[in-house]
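Okay, so here's the structure we're looking at.
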Amino acid sequence: MGNPAVASAPVVLFLHERVETTRAVFAAIRAARPQHLFLIADGPTGRRGSEQRAAAARDEVAAVDWPCRVERIYAEANLGCRMRQFTGIAAVFSAVEAAIFLEDDCLPQPGAIRWMAHMLARW
């Protein structure tokens with residue numbers, strides 16, 4: 001699999017209620033097969049259908065089908081984007097020194113996660 005630092009670079013995915021894009025971003029993560037994955041989700045907003053969308057997005061990332069340490073940091077109540085980002089990032093950096101951060105609405109190109117991991121390994 002090449003450079004072991006590539007597989008060992010932790011990947012962080014912030015997700016919320018975007019089911020389709022979460023599915024696509026998670027497919028890119030699955031292709032990279034990181035050994036350590038943080039899944040960070042905010043709680044439902046309380047708007048109509050929010051609970052169902054938040055649950056569906058979390059369902060999209062439920063099945064990690066490769067050898068991987070998975071840390072799910074899911075808020076039950078809605079913290080809001082700013083606070084969820086802040087608390088999520090703080091949780092990640094309390095556990096690891098460096099990580100690749102992705103959001104559920106930013107689809108990385110094929111090979112992008114591996115490239116980012118190579119850059120982290122050089123850092």
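Convention: chains lettered A, B, ... in structure tokens order; per-chain residue numbering from 1; ligands numbered from 1 as shown.
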
At a cut-off of 8 Å, using only C-alpha atoms, what residues contact Ala41 of chain A? Leave out same-chain residues fewer than 5 positions from it and give the result as a PDB file with all heavy atoms, in the first residue's frame.
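The resulting out_30.pdb:
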ATOM      1  N   PHE A  14     -16.616  15.978   9.235  1.00  0.00           N
ATOM      2  CA  PHE A  14     -17.718  16.712   9.858  1.00  0.00           C
ATOM      3  C   PHE A  14     -18.964  16.456   9.018  1.00  0.00           C
ATOM      4  O   PHE A  14     -18.955  16.676   7.810  1.00  0.00           O
ATOM      5  CB  PHE A  14     -17.439  18.220   9.881  1.00  0.00           C
ATOM      6  CG  PHE A  14     -16.489  18.642  10.958  1.00  0.00           C
ATOM      7  CD1 PHE A  14     -15.138  18.807  10.690  1.00  0.00           C
ATOM      8  CD2 PHE A  14     -16.942  18.880  12.245  1.00  0.00           C
ATOM      9  CE1 PHE A  14     -14.253  19.205  11.674  1.00  0.00           C
ATOM     10  CE2 PHE A  14     -16.071  19.276  13.247  1.00  0.00           C
ATOM     11  CZ  PHE A  14     -14.722  19.434  12.960  1.00  0.00           C
ATOM     12  N   LEU A  15     -20.013  15.983   9.656  1.00  0.00           N
ATOM     13  CA  LEU A  15     -21.257  15.740   8.938  1.00  0.00           C
ATOM     14  C   LEU A  15     -22.421  16.285   9.730  1.00  0.00           C
ATOM     15  O   LEU A  15     -22.326  16.502  10.932  1.00  0.00           O
ATOM     16  CB  LEU A  15     -21.432  14.240   8.658  1.00  0.00           C
ATOM     17  CG  LEU A  15     -21.508  13.335   9.870  1.00  0.00           C
ATOM     18  CD1 LEU A  15     -22.746  12.465   9.798  1.00  0.00           C
ATOM     19  CD2 LEU A  15     -20.258  12.465   9.922  1.00  0.00           C
ATOM     20  N   HIS A  16     -23.532  16.497   9.004  1.00  0.00           N
ATOM     21  CA  HIS A  16     -24.713  16.994   9.692  1.00  0.00           C
ATOM     22  C   HIS A  16     -25.960  16.424   9.048  1.00  0.00           C
ATOM     23  O   HIS A  16     -26.370  15.332   9.383  1.00  0.00           O
ATOM     24  CB  HIS A  16     -24.718  18.528   9.716  1.00  0.00           C
ATOM     25  CG  HIS A  16     -25.789  19.088  10.590  1.00  0.00           C
ATOM     26  ND1 HIS A  16     -26.623  20.086  10.167  1.00  0.00           N
ATOM     27  CD2 HIS A  16     -26.188  18.773  11.832  1.00  0.00           C
ATOM     28  CE1 HIS A  16     -27.491  20.371  11.143  1.00  0.00           C
ATOM     29  NE2 HIS A  16     -27.233  19.586  12.157  1.00  0.00           N
ATOM     30  N   ARG A  58     -25.878  10.157   9.573  1.00  0.00           N
ATOM     31  CA  ARG A  58     -25.090   9.297  10.460  1.00  0.00           C
ATOM     32  C   ARG A  58     -25.142   7.843   9.992  1.00  0.00           C
ATOM     33  O   ARG A  58     -24.142   7.123  10.088  1.00  0.00           O
ATOM     34  CB  ARG A  58     -25.588   9.414  11.896  1.00  0.00           C
ATOM     35  CG  ARG A  58     -25.303  10.782  12.501  1.00  0.00           C
ATOM     36  CD  ARG A  58     -25.891  10.927  13.877  1.00  0.00           C
ATOM     37  NE  ARG A  58     -25.733  12.288  14.374  1.00  0.00           N
ATOM     38  CZ  ARG A  58     -25.930  12.649  15.624  1.00  0.00           C
ATOM     39  NH1 ARG A  58     -26.297  11.748  16.530  1.00  0.00           N
ATOM     40  NH2 ARG A  58     -25.766  13.903  15.990  1.00  0.00           N
ATOM     41  N   ILE A  73     -18.071  11.237  17.448  1.00  0.00           N
ATOM     42  CA  ILE A  73     -18.297  12.338  18.383  1.00  0.00           C
ATOM     43  C   ILE A  73     -19.570  13.029  17.921  1.00  0.00           C
ATOM     44  O   ILE A  73     -19.536  13.942  17.093  1.00  0.00           O
ATOM     45  CB  ILE A  73     -17.085  13.291  18.414  1.00  0.00           C
ATOM     46  CG1 ILE A  73     -15.795  12.509  18.697  1.00  0.00           C
ATOM     47  CG2 ILE A  73     -17.302  14.392  19.451  1.00  0.00           C
ATOM     48  CD1 ILE A  73     -14.521  13.306  18.494  1.00  0.00           C
ATOM     49  N   TYR A  74     -20.691  12.545  18.418  1.00  0.00           N
ATOM     50  CA  TYR A  74     -22.000  12.993  17.959  1.00  0.00           C
ATOM     51  C   TYR A  74     -22.677  13.815  19.055  1.00  0.00           C
ATOM     52  O   TYR A  74     -22.833  13.347  20.178  1.00  0.00           O
ATOM     53  CB  TYR A  74     -22.895  11.801  17.626  1.00  0.00           C
ATOM     54  CG  TYR A  74     -22.470  10.985  16.422  1.00  0.00           C
ATOM     55  CD1 TYR A  74     -23.074   9.775  16.156  1.00  0.00           C
ATOM     56  CD2 TYR A  74     -21.486  11.412  15.554  1.00  0.00           C
ATOM     57  CE1 TYR A  74     -22.721   9.019  15.047  1.00  0.00           C
ATOM     58  CE2 TYR A  74     -21.114  10.667  14.445  1.00  0.00           C
ATOM     59  CZ  TYR A  74     -21.733   9.474  14.202  1.00  0.00           C
ATOM     60  OH  TYR A  74     -21.374   8.730  13.110  1.00  0.00           O
ATOM     61  N   ALA A  75     -23.070  15.024  18.714  1.00  0.00           N
ATOM     62  CA  ALA A  75     -23.815  15.876  19.641  1.00  0.00           C
ATOM     63  C   ALA A  75     -25.291  15.494  19.564  1.00  0.00           C
ATOM     64  O   ALA A  75     -25.827  15.284  18.476  1.00  0.00           O
ATOM     65  CB  ALA A  75     -23.631  17.344  19.275  1.00  0.00           C
ATOM     66  N   ARG A  84     -19.809  23.517  16.991  1.00  0.00           N
ATOM     67  CA  ARG A  84     -19.543  22.105  16.680  1.00  0.00           C
ATOM     68  C   ARG A  84     -18.170  21.961  16.048  1.00  0.00           C
ATOM     69  O   ARG A  84     -17.436  21.021  16.345  1.00  0.00           O
ATOM     70  CB  ARG A  84     -20.622  21.548  15.742  1.00  0.00           C
ATOM     71  CG  ARG A  84     -20.371  20.106  15.302  1.00  0.00           C
ATOM     72  CD  ARG A  84     -20.603  19.065  16.381  1.00  0.00           C
ATOM     73  NE  ARG A  84     -19.590  19.012  17.401  1.00  0.00           N
ATOM     74  CZ  ARG A  84     -19.386  17.976  18.205  1.00  0.00           C
ATOM     75  NH1 ARG A  84     -20.137  16.911  18.113  1.00  0.00           N
ATOM     76  NH2 ARG A  84     -18.463  18.000  19.116  1.00  0.00           N
TER      77      ARG A  84
END

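Residues of segment 4-93 of chain A carrying a DSSP assignment of strand (DSSP E), computed from the backbone, are A:Val11, A:Val12, A:Leu13, A:Phe14, A:Leu15, A:His36, A:Leu37, A:Phe38, A:Leu39, A:Ile40, A:Ala41, A:Arg69, A:Val70, A:Glu71, A:Arg72, A:Ile73, A:Tyr74.
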
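If only C-alpha atoms are the atoms counted, then among A:Ala90, A:Val25, A:Ala55, A:Ala9 the closest residue to Cys106 of chain A is A:Val25.
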
Which residues come within 10 Å of Gly46 of chain A, counting only C-alpha atoms, excluding same-chain residues fewer than 3 positions away, as a ChimeraX atom specification?
/A:43,49-51,77-78

If you run DSSP on this backbone, which residues of chain A come out as alpha helix (DSSP H), and could you give them as JSON, numbers by chain?
{"A": [4, 5, 6, 7, 8, 19, 20, 21, 22, 23, 24, 25, 26, 27, 28, 29, 30, 31, 32, 50, 51, 52, 53, 54, 55, 56, 57, 58, 59, 60, 81, 82, 83, 84, 85, 86, 87, 88, 89, 90, 91, 92, 93, 94, 95, 112, 113, 114, 115, 116, 117, 118, 119, 120, 121, 122]}

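The environment of Glu60 of chain A within 12 Å, counting only C-alpha atoms and disregarding residues fewer than 4 places along the same chain, consists of Leu13, Leu15, His16, Glu17, Arg18, Val19, Glu20, Thr21, Thr22, Arg23, Ala24, Val25, Phe26, Ala27, Arg30, Leu39, Arg53, Ala54, Ala55, Ala56, Val64 and Asp104 of chain A.
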
Report the distance between atom CA of Leu107 of chain A and atom CA of Val61 of chain A in Å, rounded to one decimal place.
14.8 Å

Can you pull out the residues contacting Ala28 of chain A? Cut-off 8 Å, using only C-alpha atoms, and skip same-chain residues under 5 positions away; I want them as a VMD selection string.
chain A and resid 107 to 110 113

Excluding Glu97 of chain A and residues on its chain fewer than 5 positions from it, collect all residues at most 12 Å away from it, counting only C-alpha atoms, and give them as an MDAnalysis selection string.
chainID A and resid 9:11 89:92 120:121 123
